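Novice: Provided herewith: my_file_38.txt, compact mmCIF, C-alpha atoms and all ligand atoms.
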```
# COMPACT_ATOMS: atom_id res chain seq x y z
CA MET A 1 -71.04 -101.55 -12.83
CA LYS A 2 -70.19 -97.87 -13.22
CA LYS A 3 -68.64 -95.90 -10.35
CA GLN A 4 -71.60 -93.51 -10.07
CA ASP A 5 -73.95 -96.51 -9.70
CA PHE A 6 -72.33 -97.76 -6.50
CA ARG A 7 -74.42 -97.40 -3.37
CA ILE A 8 -73.57 -94.72 -0.83
CA GLU A 9 -71.75 -97.15 1.51
CA THR A 10 -69.40 -98.27 -1.27
CA LYS A 11 -68.78 -94.65 -2.28
CA CYS A 12 -67.85 -93.81 1.34
CA VAL A 13 -65.21 -96.53 1.35
CA GLN A 14 -63.90 -96.49 -2.22
CA GLY A 15 -64.98 -93.20 -3.82
CA GLY A 16 -62.59 -90.60 -5.19
CA TYR A 17 -59.49 -92.76 -5.44
CA THR A 18 -58.72 -95.71 -7.69
CA PRO A 19 -55.04 -96.66 -7.45
CA GLY A 20 -53.28 -98.14 -10.45
CA ASN A 21 -51.13 -101.26 -10.46
CA GLY A 22 -48.53 -101.08 -7.66
CA GLU A 23 -49.78 -97.73 -6.37
CA PRO A 24 -50.57 -97.04 -2.69
CA ARG A 25 -53.87 -98.57 -1.48
CA GLN A 26 -54.47 -95.62 0.86
CA VAL A 27 -54.78 -92.04 -0.47
CA PRO A 28 -51.20 -90.65 -0.62
CA ILE A 29 -50.50 -87.44 1.30
CA ILE A 30 -48.84 -85.15 -1.25
CA GLN A 31 -47.08 -82.91 1.23
CA SER A 32 -45.69 -80.48 -1.34
CA THR A 33 -46.39 -76.80 -1.84
CA THR A 34 -45.16 -76.84 -5.42
CA PHE A 35 -44.90 -79.02 -8.53
CA LYS A 36 -42.10 -79.33 -11.09
CA TYR A 37 -42.36 -78.63 -14.83
CA ALA A 38 -39.91 -79.08 -17.72
CA THR A 39 -40.72 -75.82 -19.50
CA SER A 40 -42.28 -72.45 -18.74
CA GLU A 41 -44.72 -73.11 -21.60
CA ASP A 42 -46.01 -76.22 -19.80
CA MET A 43 -46.62 -74.20 -16.66
CA GLY A 44 -48.07 -71.28 -18.60
CA LYS A 45 -50.85 -73.55 -19.89
CA LEU A 46 -51.86 -74.28 -16.30
CA PHE A 47 -51.97 -70.59 -15.40
CA ASP A 48 -54.09 -69.92 -18.48
CA LEU A 49 -56.44 -72.77 -17.42
CA GLU A 50 -55.64 -74.34 -20.82
CA ALA A 51 -54.41 -77.54 -19.18
CA SER A 52 -55.32 -79.10 -15.83
CA GLY A 53 -52.56 -79.89 -13.39
CA TYR A 54 -50.97 -78.72 -10.16
CA PHE A 55 -48.63 -75.80 -9.67
CA TYR A 56 -49.14 -74.43 -6.15
CA SER A 57 -50.99 -76.01 -3.22
CA ARG A 58 -52.72 -72.76 -2.25
CA LEU A 59 -54.96 -73.34 -5.28
CA GLN A 60 -55.05 -77.10 -5.63
CA ASN A 61 -53.39 -80.17 -4.15
CA PRO A 62 -53.80 -83.77 -5.37
CA THR A 63 -54.66 -85.20 -1.91
CA CYS A 64 -57.33 -82.53 -1.31
CA ASP A 65 -58.74 -83.06 -4.80
CA THR A 66 -58.96 -86.83 -4.29
CA VAL A 67 -60.96 -86.39 -1.09
CA ALA A 68 -63.12 -83.67 -2.66
CA ALA A 69 -63.86 -86.12 -5.49
CA LYS A 70 -65.15 -88.65 -2.94
CA ILE A 71 -67.51 -86.10 -1.36
CA CYS A 72 -68.58 -85.09 -4.89
CA GLU A 73 -69.56 -88.73 -5.59
CA LEU A 74 -71.37 -89.00 -2.24
CA GLU A 75 -73.49 -85.93 -2.99
CA GLY A 76 -73.98 -86.85 -6.66
CA GLY A 77 -72.38 -83.60 -7.86
CA SER A 78 -70.32 -82.57 -10.89
CA ALA A 79 -67.38 -80.83 -9.14
CA ALA A 80 -66.16 -80.17 -5.60
CA MET A 81 -63.42 -78.45 -3.61
CA LEU A 82 -62.08 -78.71 -0.06
CA LEU A 83 -61.58 -75.62 2.09
CA SER A 84 -59.91 -74.83 5.41
CA SER A 85 -63.20 -74.78 7.36
CA GLY A 86 -66.96 -74.88 7.12
CA GLN A 87 -66.97 -71.11 7.58
CA ALA A 88 -64.74 -70.71 4.50
CA ALA A 89 -67.09 -73.00 2.55
CA SER A 90 -70.15 -70.92 3.51
CA PHE A 91 -68.36 -67.70 2.61
CA PHE A 92 -67.01 -68.93 -0.75
CA SER A 93 -70.31 -70.55 -1.71
CA VAL A 94 -72.10 -67.19 -1.57
CA PHE A 95 -69.29 -64.79 -2.46
CA ASN A 96 -68.57 -66.77 -5.65
CA ILE A 97 -71.86 -65.47 -7.09
CA ALA A 98 -72.76 -62.39 -4.98
CA SER A 99 -70.84 -59.12 -4.76
CA CYS A 100 -71.19 -55.69 -3.22
CA GLY A 101 -74.70 -54.40 -3.95
CA ASP A 102 -76.24 -57.88 -4.19
CA HIS A 103 -78.81 -59.59 -1.99
CA VAL A 104 -79.28 -63.12 -0.65
CA VAL A 105 -82.30 -64.85 0.91
CA SER A 106 -81.37 -67.12 3.83
CA SER A 107 -83.25 -69.29 6.26
CA ALA A 108 -83.10 -67.66 9.70
CA SER A 109 -82.53 -71.08 11.23
CA ILE A 110 -78.83 -71.57 10.50
CA TYR A 111 -75.60 -72.14 12.40
CA GLY A 112 -74.68 -69.13 14.60
CA GLY A 113 -71.28 -68.72 12.91
CA THR A 114 -72.95 -68.57 9.50
CA PHE A 115 -75.52 -66.08 10.78
CA ASN A 116 -72.71 -63.83 12.00
CA LEU A 117 -70.77 -64.23 8.72
CA PHE A 118 -73.85 -63.19 6.73
CA SER A 119 -75.38 -60.54 8.98
CA VAL A 120 -72.19 -58.78 10.12
CA THR A 121 -69.09 -59.56 8.05
CA MET A 122 -70.60 -60.01 4.58
CA LYS A 123 -72.90 -57.08 5.26
CA ARG A 124 -69.73 -55.01 5.67
CA MET A 125 -68.78 -56.20 2.18
CA GLY A 126 -72.02 -54.72 0.85
CA ILE A 127 -74.04 -57.93 0.54
CA GLU A 128 -77.47 -57.73 2.10
CA PHE A 129 -79.27 -60.77 3.58
CA THR A 130 -82.97 -61.25 4.24
CA PHE A 131 -83.59 -63.97 6.84
CA VAL A 132 -86.82 -65.92 6.53
CA ASP A 133 -88.51 -68.36 8.88
CA PRO A 134 -87.81 -71.82 7.35
CA ASP A 135 -91.44 -72.74 8.04
CA CYS A 136 -92.78 -69.70 6.14
CA THR A 137 -95.39 -70.08 3.40
CA GLU A 138 -94.38 -70.04 -0.28
CA LYS A 139 -95.93 -66.59 -0.51
CA GLU A 140 -93.82 -65.25 2.37
CA LEU A 141 -90.71 -66.86 0.87
CA ASN A 142 -91.31 -65.35 -2.58
CA ALA A 143 -91.84 -61.92 -1.00
CA ALA A 144 -88.27 -61.97 0.36
CA PHE A 145 -86.71 -61.81 -3.14
CA LYS A 146 -85.43 -58.59 -4.73
CA PRO A 147 -84.26 -57.82 -8.28
CA ASN A 148 -80.63 -58.09 -7.04
CA THR A 149 -81.09 -61.43 -5.22
CA LYS A 150 -78.31 -63.85 -6.26
CA ALA A 151 -78.82 -66.94 -4.09
CA VAL A 152 -80.91 -68.71 -1.46
CA PHE A 153 -79.27 -70.40 1.55
CA GLY A 154 -80.48 -72.92 4.15
CA GLU A 155 -79.41 -75.88 6.33
CA THR A 156 -80.82 -79.38 5.87
CA ILE A 157 -80.94 -79.82 9.67
CA ALA A 158 -80.14 -76.55 11.41
CA ASN A 159 -77.51 -76.38 14.15
CA PRO A 160 -78.63 -75.98 16.96
CA ALA A 161 -82.38 -75.39 16.39
CA LEU A 162 -82.77 -78.81 14.59
CA THR A 163 -85.35 -77.42 12.17
CA VAL A 164 -85.63 -79.44 8.93
CA LEU A 165 -85.49 -77.43 5.69
CA ASP A 166 -88.23 -78.02 3.12
CA ILE A 167 -85.61 -78.23 0.34
CA GLU A 168 -88.19 -78.54 -2.46
CA LYS A 169 -90.06 -75.43 -1.30
CA PHE A 170 -86.83 -73.41 -1.13
CA ALA A 171 -85.54 -74.76 -4.48
CA LYS A 172 -88.82 -73.93 -6.20
CA ALA A 173 -88.72 -70.31 -4.98
CA ALA A 174 -85.01 -69.93 -5.86
CA HIS A 175 -85.52 -71.27 -9.39
CA ALA A 176 -88.64 -69.15 -9.94
CA HIS A 177 -86.36 -66.14 -9.33
CA GLY A 178 -83.49 -67.46 -11.49
CA VAL A 179 -81.02 -68.12 -8.67
CA PRO A 180 -79.47 -71.26 -7.15
CA LEU A 181 -80.29 -72.86 -3.79
CA ILE A 182 -77.24 -73.46 -1.57
CA VAL A 183 -77.75 -76.03 1.20
CA ASP A 184 -75.44 -76.61 4.17
CA ASN A 185 -75.74 -80.39 4.55
CA THR A 186 -73.36 -80.73 7.53
CA PHE A 187 -75.73 -82.35 10.06
CA ALA A 188 -77.51 -84.74 7.70
CA THR A 189 -74.42 -85.76 5.66
CA PRO A 190 -74.98 -87.29 2.19
CA VAL A 191 -75.62 -90.61 3.93
CA ASN A 192 -78.94 -89.33 5.28
CA CYS A 193 -79.87 -86.69 2.68
CA ARG A 194 -78.61 -85.71 -0.75
CA PRO A 195 -80.06 -82.22 -1.34
CA PHE A 196 -79.38 -82.36 -5.12
CA GLU A 197 -82.04 -85.08 -5.38
CA HIS A 198 -84.56 -82.52 -4.07
CA GLY A 199 -83.58 -79.57 -6.28
CA ALA A 200 -80.67 -77.92 -4.45
CA ASP A 201 -77.92 -76.62 -6.74
CA ILE A 202 -74.90 -76.27 -4.45
CA VAL A 203 -74.09 -78.09 -1.21
CA THR A 204 -71.66 -77.00 1.53
CA HIS A 205 -70.22 -78.89 4.48
CA SER A 206 -68.35 -78.29 7.65
CA THR A 207 -66.34 -81.52 7.31
CA THR A 208 -65.22 -80.85 10.89
CA LYS A 209 -68.41 -82.54 12.08
CA TYR A 210 -69.67 -86.02 11.11
CA MET A 211 -67.50 -86.37 7.99
CA ASP A 212 -64.29 -86.17 10.02
CA GLY A 213 -66.25 -87.54 12.95
CA HIS A 214 -63.39 -87.87 15.42
CA GLY A 215 -62.70 -84.23 16.32
CA SER A 216 -59.37 -84.40 14.45
CA ALA A 217 -59.34 -81.76 11.70
CA VAL A 218 -61.25 -78.58 10.90
CA GLY A 219 -62.35 -78.45 7.26
CA GLY A 220 -64.99 -77.53 4.72
CA CYS A 221 -66.24 -78.59 1.31
CA ILE A 222 -68.37 -77.17 -1.53
CA VAL A 223 -70.05 -79.40 -4.11
CA ASP A 224 -71.76 -78.20 -7.29
CA SER A 225 -74.62 -80.19 -8.81
CA GLY A 226 -73.65 -78.83 -12.25
CA LYS A 227 -77.36 -78.45 -13.02
CA PHE A 228 -77.89 -74.72 -12.59
CA ASP A 229 -78.10 -72.97 -15.98
CA TRP A 230 -76.02 -69.84 -15.35
CA MET A 231 -76.22 -68.58 -18.94
CA ALA A 232 -80.03 -68.60 -18.79
CA HIS A 233 -79.63 -65.88 -16.11
CA ALA A 234 -76.39 -64.39 -17.45
CA GLU A 235 -77.29 -60.84 -16.41
CA LYS A 236 -77.39 -61.95 -12.75
CA PHE A 237 -74.07 -63.82 -12.83
CA PRO A 238 -71.53 -61.70 -14.76
CA GLY A 239 -68.66 -63.34 -12.83
CA LEU A 240 -69.48 -66.69 -14.46
CA CYS A 241 -70.94 -65.55 -17.77
CA THR A 242 -68.63 -62.71 -18.89
CA PRO A 243 -64.82 -62.69 -19.36
CA ASP A 244 -62.65 -62.69 -16.19
CA ALA A 245 -59.99 -60.01 -16.70
CA SER A 246 -57.91 -61.57 -13.88
CA TYR A 247 -57.76 -64.82 -15.86
CA HIS A 248 -56.88 -63.71 -19.39
CA GLY A 249 -60.46 -63.05 -20.35
CA ILE A 250 -61.77 -66.58 -19.70
CA THR A 251 -65.57 -66.91 -19.48
CA TYR A 252 -66.03 -69.73 -16.97
CA VAL A 253 -69.35 -71.09 -18.22
CA GLU A 254 -68.18 -71.11 -21.86
CA LYS A 255 -64.91 -72.83 -21.03
CA PHE A 256 -66.00 -75.28 -18.32
CA GLY A 257 -69.73 -75.65 -18.92
CA ASN A 258 -72.41 -75.68 -16.22
CA ALA A 259 -70.75 -78.75 -14.68
CA GLY A 260 -67.41 -77.08 -13.98
CA ALA A 261 -67.77 -73.29 -14.07
CA TYR A 262 -68.77 -72.60 -10.45
CA ILE A 263 -66.03 -74.67 -8.76
CA THR A 264 -63.37 -73.60 -11.27
CA LYS A 265 -64.15 -69.93 -10.59
CA ALA A 266 -64.15 -70.47 -6.81
CA THR A 267 -60.76 -72.18 -7.09
CA ALA A 268 -59.09 -69.97 -9.69
CA GLN A 269 -60.34 -66.68 -8.19
CA LEU A 270 -61.37 -67.00 -4.55
CA MET A 271 -58.88 -69.66 -3.45
CA ARG A 272 -56.12 -67.81 -5.30
CA ASP A 273 -56.99 -64.55 -3.51
CA PHE A 274 -58.14 -65.74 -0.05
CA GLY A 275 -56.04 -68.89 0.32
CA SER A 276 -58.48 -70.78 2.56
CA THR A 277 -56.90 -74.12 1.69
CA GLN A 278 -57.20 -77.39 3.53
CA SER A 279 -53.85 -79.07 4.24
CA PRO A 280 -53.20 -82.45 2.58
CA GLN A 281 -52.67 -83.95 6.05
CA SER A 282 -56.14 -82.79 7.17
CA ALA A 283 -57.64 -84.11 3.92
CA TYR A 284 -56.11 -87.49 4.72
CA TYR A 285 -57.76 -87.51 8.19
CA LEU A 286 -61.03 -86.44 6.58
CA ASN A 287 -60.82 -89.37 4.19
CA LEU A 288 -60.31 -91.80 7.08
CA GLY A 289 -63.51 -90.39 8.59
CA LEU A 290 -65.41 -90.67 5.31
CA GLU A 291 -64.49 -94.36 4.99
CA SER A 292 -66.72 -95.13 7.99
CA LEU A 293 -69.29 -92.31 7.67
CA HIS A 294 -72.15 -94.64 6.69
CA VAL A 295 -71.44 -97.01 9.60
CA ARG A 296 -71.08 -94.19 12.13
CA MET A 297 -74.17 -92.23 11.01
CA GLU A 298 -76.34 -95.26 11.66
CA ARG A 299 -75.08 -95.45 15.27
CA HIS A 300 -75.25 -91.67 15.84
CA CYS A 301 -78.89 -91.78 14.70
CA LEU A 302 -79.76 -94.84 16.80
CA ASN A 303 -78.20 -93.24 19.89
CA GLY A 304 -79.92 -89.90 19.15
CA LEU A 305 -83.31 -91.57 18.83
CA LYS A 306 -82.92 -93.74 21.95
CA VAL A 307 -81.80 -90.77 24.05
CA ALA A 308 -84.59 -88.56 22.65
CA GLN A 309 -87.17 -91.25 23.45
CA TYR A 310 -85.81 -91.60 26.99
CA LEU A 311 -85.90 -87.82 27.53
CA GLU A 312 -89.41 -87.57 26.13
CA ASN A 313 -90.64 -90.05 28.74
CA SER A 314 -88.78 -88.52 31.70
CA ASP A 315 -90.84 -86.40 34.12
CA LYS A 316 -87.74 -84.27 34.85
CA ILE A 317 -87.60 -83.00 31.26
CA GLY A 318 -89.67 -80.02 30.08
CA TRP A 319 -89.33 -80.48 26.32
CA VAL A 320 -87.31 -82.38 23.67
CA THR A 321 -86.51 -81.51 20.03
CA TYR A 322 -85.35 -84.28 17.73
CA PRO A 323 -86.56 -84.39 14.11
CA SER A 324 -86.90 -88.20 13.99
CA LEU A 325 -89.27 -88.33 17.00
CA PRO A 326 -92.85 -88.92 15.78
CA SER A 327 -93.99 -86.17 18.19
CA SER A 328 -91.68 -83.62 16.50
CA LYS A 329 -93.12 -80.77 14.48
CA TYR A 330 -90.52 -81.68 11.84
CA TYR A 331 -91.37 -85.39 11.71
CA PRO A 332 -93.25 -85.12 8.36
CA LEU A 333 -90.32 -83.24 6.75
CA SER A 334 -87.79 -85.65 8.24
CA GLN A 335 -89.82 -88.61 6.89
CA LYS A 336 -89.57 -87.02 3.44
CA TYR A 337 -85.97 -85.81 3.43
CA LEU A 338 -84.34 -87.98 6.11
CA PRO A 339 -86.13 -91.34 5.98
CA GLY A 340 -83.03 -93.26 7.09
CA GLY A 341 -82.36 -91.07 10.15
CA SER A 342 -81.48 -87.46 10.90
CA CYS A 343 -78.42 -86.97 13.14
CA GLY A 344 -77.12 -87.60 16.64
CA VAL A 345 -77.90 -84.16 18.07
CA VAL A 346 -80.82 -83.76 20.49
CA SER A 347 -81.95 -80.51 22.16
CA PHE A 348 -83.94 -80.48 25.39
CA GLY A 349 -84.81 -78.46 28.47
CA VAL A 350 -84.74 -79.76 32.03
CA LYS A 351 -87.52 -78.69 34.37
CA GLY A 352 -86.27 -75.96 36.70
CA GLY A 353 -84.81 -73.72 34.00
CA ARG A 354 -81.31 -72.39 33.72
CA ALA A 355 -80.17 -73.27 37.27
CA ALA A 356 -81.33 -76.87 36.87
CA ALA A 357 -79.60 -77.10 33.48
CA GLU A 358 -76.32 -76.02 35.07
CA LYS A 359 -76.65 -78.48 37.95
CA PHE A 360 -77.57 -81.30 35.55
CA MET A 361 -74.55 -80.68 33.31
CA LYS A 362 -72.15 -80.55 36.26
CA ALA A 363 -73.39 -83.97 37.37
CA LEU A 364 -72.71 -85.69 34.02
CA ARG A 365 -69.86 -88.20 34.15
CA LEU A 366 -69.55 -89.73 30.68
CA ILE A 367 -70.94 -86.91 28.54
CA ALA A 368 -68.40 -84.07 28.40
CA ILE A 369 -69.04 -80.33 28.15
CA GLU A 370 -67.64 -79.13 24.80
CA THR A 371 -68.23 -76.47 22.13
CA HIS A 372 -68.46 -79.21 19.55
CA VAL A 373 -70.94 -81.59 17.98
CA ALA A 374 -70.93 -84.64 15.74
CA ASP A 375 -67.98 -86.35 17.37
CA ALA A 376 -67.47 -90.02 18.24
CA ARG A 377 -67.53 -89.01 21.94
CA SER A 378 -70.80 -87.69 23.34
CA CYS A 379 -70.72 -84.08 24.41
CA CYS A 380 -73.12 -81.36 25.43
CA LEU A 381 -73.36 -77.62 25.65
CA HIS A 382 -75.56 -75.17 27.57
CA PRO A 383 -75.62 -72.21 25.12
CA ALA A 384 -77.15 -69.77 27.66
CA ASN A 385 -74.12 -70.33 29.88
CA ALA A 386 -71.47 -70.70 27.16
CA THR A 387 -71.69 -69.58 23.52
CA HIS A 388 -74.63 -67.23 24.13
CA ARG A 389 -73.88 -66.13 27.72
CA GLN A 390 -73.77 -62.43 26.82
CA MET A 391 -77.49 -62.54 25.94
CA SER A 392 -80.30 -61.59 28.31
CA GLU A 393 -83.18 -64.01 29.05
CA GLU A 394 -85.39 -62.09 26.57
CA GLU A 395 -82.73 -62.10 23.83
CA LEU A 396 -82.23 -65.83 24.28
CA ILE A 397 -85.92 -66.51 23.77
CA ALA A 398 -86.01 -64.25 20.68
CA ALA A 399 -83.05 -66.22 19.25
CA GLY A 400 -84.92 -69.50 19.79
CA ILE A 401 -82.49 -70.54 22.50
CA PRO A 402 -84.34 -70.70 25.82
CA GLY A 403 -82.20 -70.49 28.98
CA ASP A 404 -82.79 -74.14 29.77
CA LEU A 405 -81.76 -75.48 26.31
CA ILE A 406 -79.11 -78.19 26.40
CA ARG A 407 -77.64 -79.38 23.09
CA LEU A 408 -76.54 -82.98 23.39
CA SER A 409 -74.47 -84.60 20.64
CA CYS A 410 -74.81 -88.36 20.94
CA GLY A 411 -71.56 -90.10 20.02
CA LEU A 412 -70.87 -93.72 19.21
CA GLU A 413 -70.97 -95.19 22.73
CA ASN A 414 -73.57 -97.69 23.91
CA TYR A 415 -76.81 -95.72 24.19
CA GLN A 416 -77.75 -97.34 27.51
CA ASP A 417 -74.55 -95.89 29.03
CA LEU A 418 -75.58 -92.44 27.76
CA ILE A 419 -79.06 -92.85 29.19
CA ASP A 420 -77.65 -94.09 32.52
CA ASP A 421 -75.39 -91.02 32.71
CA ILE A 422 -78.32 -88.70 31.93
CA GLU A 423 -80.50 -90.48 34.49
CA GLN A 424 -77.97 -90.25 37.34
CA ALA A 425 -77.47 -86.55 36.56
CA LEU A 426 -81.22 -85.93 36.49
CA ASN A 427 -81.55 -87.70 39.85
CA THR A 428 -79.32 -85.03 41.44
CA LEU A 429 -81.94 -82.37 40.65
C1 LIG B 1 -69.79 -76.08 12.52
C2 LIG B 1 -70.68 -75.69 11.43
C3 LIG B 1 -70.26 -74.76 10.46
C4 LIG B 1 -68.91 -74.08 10.52
O1 LIG B 1 -67.90 -75.02 10.28
P1 LIG B 1 -66.40 -74.90 10.83
O2 LIG B 1 -65.76 -76.11 10.24
O3 LIG B 1 -66.46 -74.88 12.32
O4 LIG B 1 -65.83 -73.63 10.27
C5 LIG B 1 -71.12 -74.47 9.42
N1 LIG B 1 -72.36 -75.03 9.36
C6 LIG B 1 -72.77 -75.91 10.28
C7 LIG B 1 -74.14 -76.50 10.16
C8 LIG B 1 -71.97 -76.27 11.35
O5 LIG B 1 -72.41 -77.14 12.27
```
Would you give me this structure, written as structure tokens?
Ligand SMILES: *Cc1c(COP(=O)(O)O)cnc(C)c1O
Specialist:
Amino acid sequence: MKKQDFRIETKCVQGGYTPGNGEPRQVPIIQSTTFKYATSEDMGKLFDLEASGYFYSRLQNPTCDTVAAKICELEGGSAAMLLSSGQAASFFSVFNIASCGDHVVSSASIYGGTFNLFSVTMKRMGIEFTFVDPDCTEKELNAAFKPNTKAVFGETIANPALTVLDIEKFAKAAHAHGVPLIVDNTFATPVNCRPFEHGADIVTHSTTKYMDGHGSAVGGCIVDSGKFDWMAHAEKFPGLCTPDASYHGITYVEKFGNAGAYITKATAQLMRDFGSTQSPQSAYYLNLGLESLHVRMERHCLNGLKVAQYLENSDKIGWVTYPSLPSSKYYPLSQKYLPGGSCGVVSFGVKGGRAAAEKFMKALRLIAIETHVADARSCCLHPANATHRQMSEEELIAAGIPGDLIRLSCGLENYQDLIDDIEQALNTL
């Protein structure tokens, strides 16, 4: 049986690392900034990208590469890299193929941090974004493209709106315009959805969430499917298809093929210049999380569904959003893309609006108030009173975050204990 034929559970446990005789069973932490060579010529070959090997951990480290290789296997990609955070992964994934004067089409339903990165910081770098409703028609989606569009971006399950991306619709539009689709697969994880199987070209992750799963280490990852034909659209992607003067005139696609060009360029150029590296210690923690990802996702999804069903039937609750609920607007898309489950995050509104939401959250005993999701411990957040508190009632509604919205991340506890905690808190209203 070949490695790539193993099922996802086996890849979670054993992917990326195959120790030789007498070597450590667990992934070794190579806590070294630098690597020794016998001659300058040997090292020169690495700098020229003529040979592969390690020379400085800002660019590459063996522990990080081992864990990236596991995530690459999980997603079914051709190459992958770890980064210091999900934000760094989102930034690199776009900046690797878009520069000043370029344009990107993005779903409007994305993580708030990504929205800010795109609409404020990358705009300052001269990259323009058009945000589209993820539920738009194909016609509306196609109308968002411009001659200088270089990529399309979306989230499998958006944080916190919990919209489900129609990956095939977005991939079709991207490919019709000769550009790749980048999908942030953080909330679904490759256990529940592998966007490459639906036409996505590049996948990003905030590994801080379910992949780490224990609130231990901030991190990010980018995986390339290796399927996008850059040379077929060479005029759009000069950075990949013409010589890189900062790397001795190497043309990435010629030298590394479609399977390796994108990640090699992001490592050799962007990681060299921005240094958003993940530490080997963090990569080790991430790998511990990945070893149980398949087991944990099943429980996160069970707890999410049970809590969503309870909330849906409570007369103290105004509304519930959870993509795996048959009553959800996104149920058909989640049946298609997330048949095994979606995630552990549920959004809902308590009757009585913002004041009731605050009272309810104060009364919770087991579920903690945190600016975090996708952790083993259940936690919740009231955006109108925390992350989005500077917004007016009208601005909150325009942003799709009503004043009563509570985002609840169901952890790995017994779901009846979560429901009991919710019920006692609701009874105080
Ligand atoms: C948290 C998150 C990010 C940002 O990741 P960090 O690791 O916090 O930098 C990006 N996308 C999604 C969907 C997230 O939930």
Novice: How far is it from atom CA of A:Lys123 to atom CA of A:Ala173, in Å with one decimal?
Specialist: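 Taking atom CA of A:Lys123 as the start and atom CA of A:Ala173 as the end point, the length is 23.0 Å.
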Novice: Would you compute the distance between atom CA of A:Ala234 and atom CA of A:Ala268? Give it in Å to one decimal.
Specialist: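 Atom CA of A:Ala268 lies 19.8 Å from atom CA of A:Ala234.
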Novice: Please identify all protein, DNA and RNA residues within 6 Å of ligand LIG 1 (chain B), counting all atoms listed in the file, and report them as a PyMOL selection string.
Specialist: chain A and resi 85-87+111+159+186+206+208+218-220
Novice: Find the spatial neighbours of A:Leu302, counting all atoms listed in the file, within a cut-off of 9 Å - ignore same-chain residues fewer than 4 positions away - and output them as a ChimeraX atom specification.
Specialist: /A:297-298,306-307,341,343-344,415
Novice: Tell me which protein, DNA and RNA residues are within 12 Å of A:Asp166, counting all atoms listed in the file, leaving out same-chain ones fewer than 5 positions away, and put them as a PyMOL selection string.
Specialist: chain A and resi 107+133-138+141+153-158+171-173+181+183+195+198-200+330-338
Novice: Nearest to A:Leu364 among A:Gln26, A:Ser378, A:Asn258, A:Asn385, with distances taken over only C-alpha atoms: which residue is it?
Specialist: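 Selected residue with least distance to A:Leu364: A:Ser378.
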Novice: Would you work out the distance separating atom CA of A:Asp102 from atom CA of A:Gly126, expressed in Å to one decimal?
Specialist: 7.3 Å
Novice: My list of candidates is A:Ile369, A:Val191, A:Leu286, A:Leu426. Which is closest to A:Asp315 when distances are computed with all atoms listed in the file?
Specialist: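 Using all atoms listed in the file, the shortest distance to A:Asp315 belongs to A:Leu426.
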Novice: A:Lys265, A:His294, A:Arg389, A:Lys209: which is nearest A:His372, counting only C-alpha atoms?
Specialist: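 Comparing A:Lys265, A:His294, A:Arg389, A:Lys209 against A:His372, the winner is A:Lys209.
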Novice: Given the choices A:Ala308, A:Val27, A:Cys410, A:Val295, which gets closest to A:Asp375 if the distance is worked out from all atoms listed in the file?
Specialist: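 Comparing A:Ala308, A:Val27, A:Cys410, A:Val295 against A:Asp375, the winner is A:Cys410.
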Novice: Using all atoms listed in the file, pick whichever of A:Ile367, A:Ala356, A:Leu305, A:Ala88 has the shortest atom-to-atom distance to A:Asp421.
Specialist: A:Ile367
Novice: Return the single residue from A:Ala89, A:Gln309, A:Phe118, A:Gly257 that is closest to A:Asn185, with distances computed using all atoms listed in the file.
Specialist: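 Of all the options, A:Ala89 lies closest to A:Asn185.
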Novice: Write out as JSON, numbers by chain each polymer residue whose atoms come within 12 Å of A:Ala51, counting only C-alpha atoms; drop sequence neighbours fewer than 4 positions from it.
Specialist: {"A": [41, 42, 43, 44, 45, 46, 47, 55, 255, 256]}
Novice: Could you check which residues have any atom within 10 Å of (-54.7, -85.0, 5.1), counting all atoms listed in the file with coordinates taken straight from the file, and then list them as a compact mmCIF listing (two decimals) with C-alpha atoms, in the coordinates of the input?
Specialist:
```txt
# COMPACT_ATOMS: atom_id res chain seq x y z
CA VAL A 27 -54.78 -92.04 -0.47
CA PRO A 28 -51.20 -90.65 -0.62
CA ILE A 29 -50.50 -87.44 1.30
CA ILE A 30 -48.84 -85.15 -1.25
CA GLN A 31 -47.08 -82.91 1.23
CA THR A 63 -54.66 -85.20 -1.91
CA CYS A 64 -57.33 -82.53 -1.31
CA VAL A 67 -60.96 -86.39 -1.09
CA ALA A 217 -59.34 -81.76 11.70
CA GLN A 278 -57.20 -77.39 3.53
CA SER A 279 -53.85 -79.07 4.24
CA PRO A 280 -53.20 -82.45 2.58
CA GLN A 281 -52.67 -83.95 6.05
CA SER A 282 -56.14 -82.79 7.17
CA ALA A 283 -57.64 -84.11 3.92
CA TYR A 284 -56.11 -87.49 4.72
CA TYR A 285 -57.76 -87.51 8.19
CA LEU A 286 -61.03 -86.44 6.58
CA ASN A 287 -60.82 -89.37 4.19
CA LEU A 288 -60.31 -91.80 7.08
```
Novice: Hey, could you pull the box centre and edge lengths for stretch 42-51 of chain A, axis-aligned, 5 Å padding per side, all listed atoms, to one decimal in Å, as JSON?
Specialist:
```
{"center_x": -51.2, "center_y": -73.7, "center_z": -18.1, "size_x": 20.4, "size_y": 17.6, "size_z": 15.4}
```
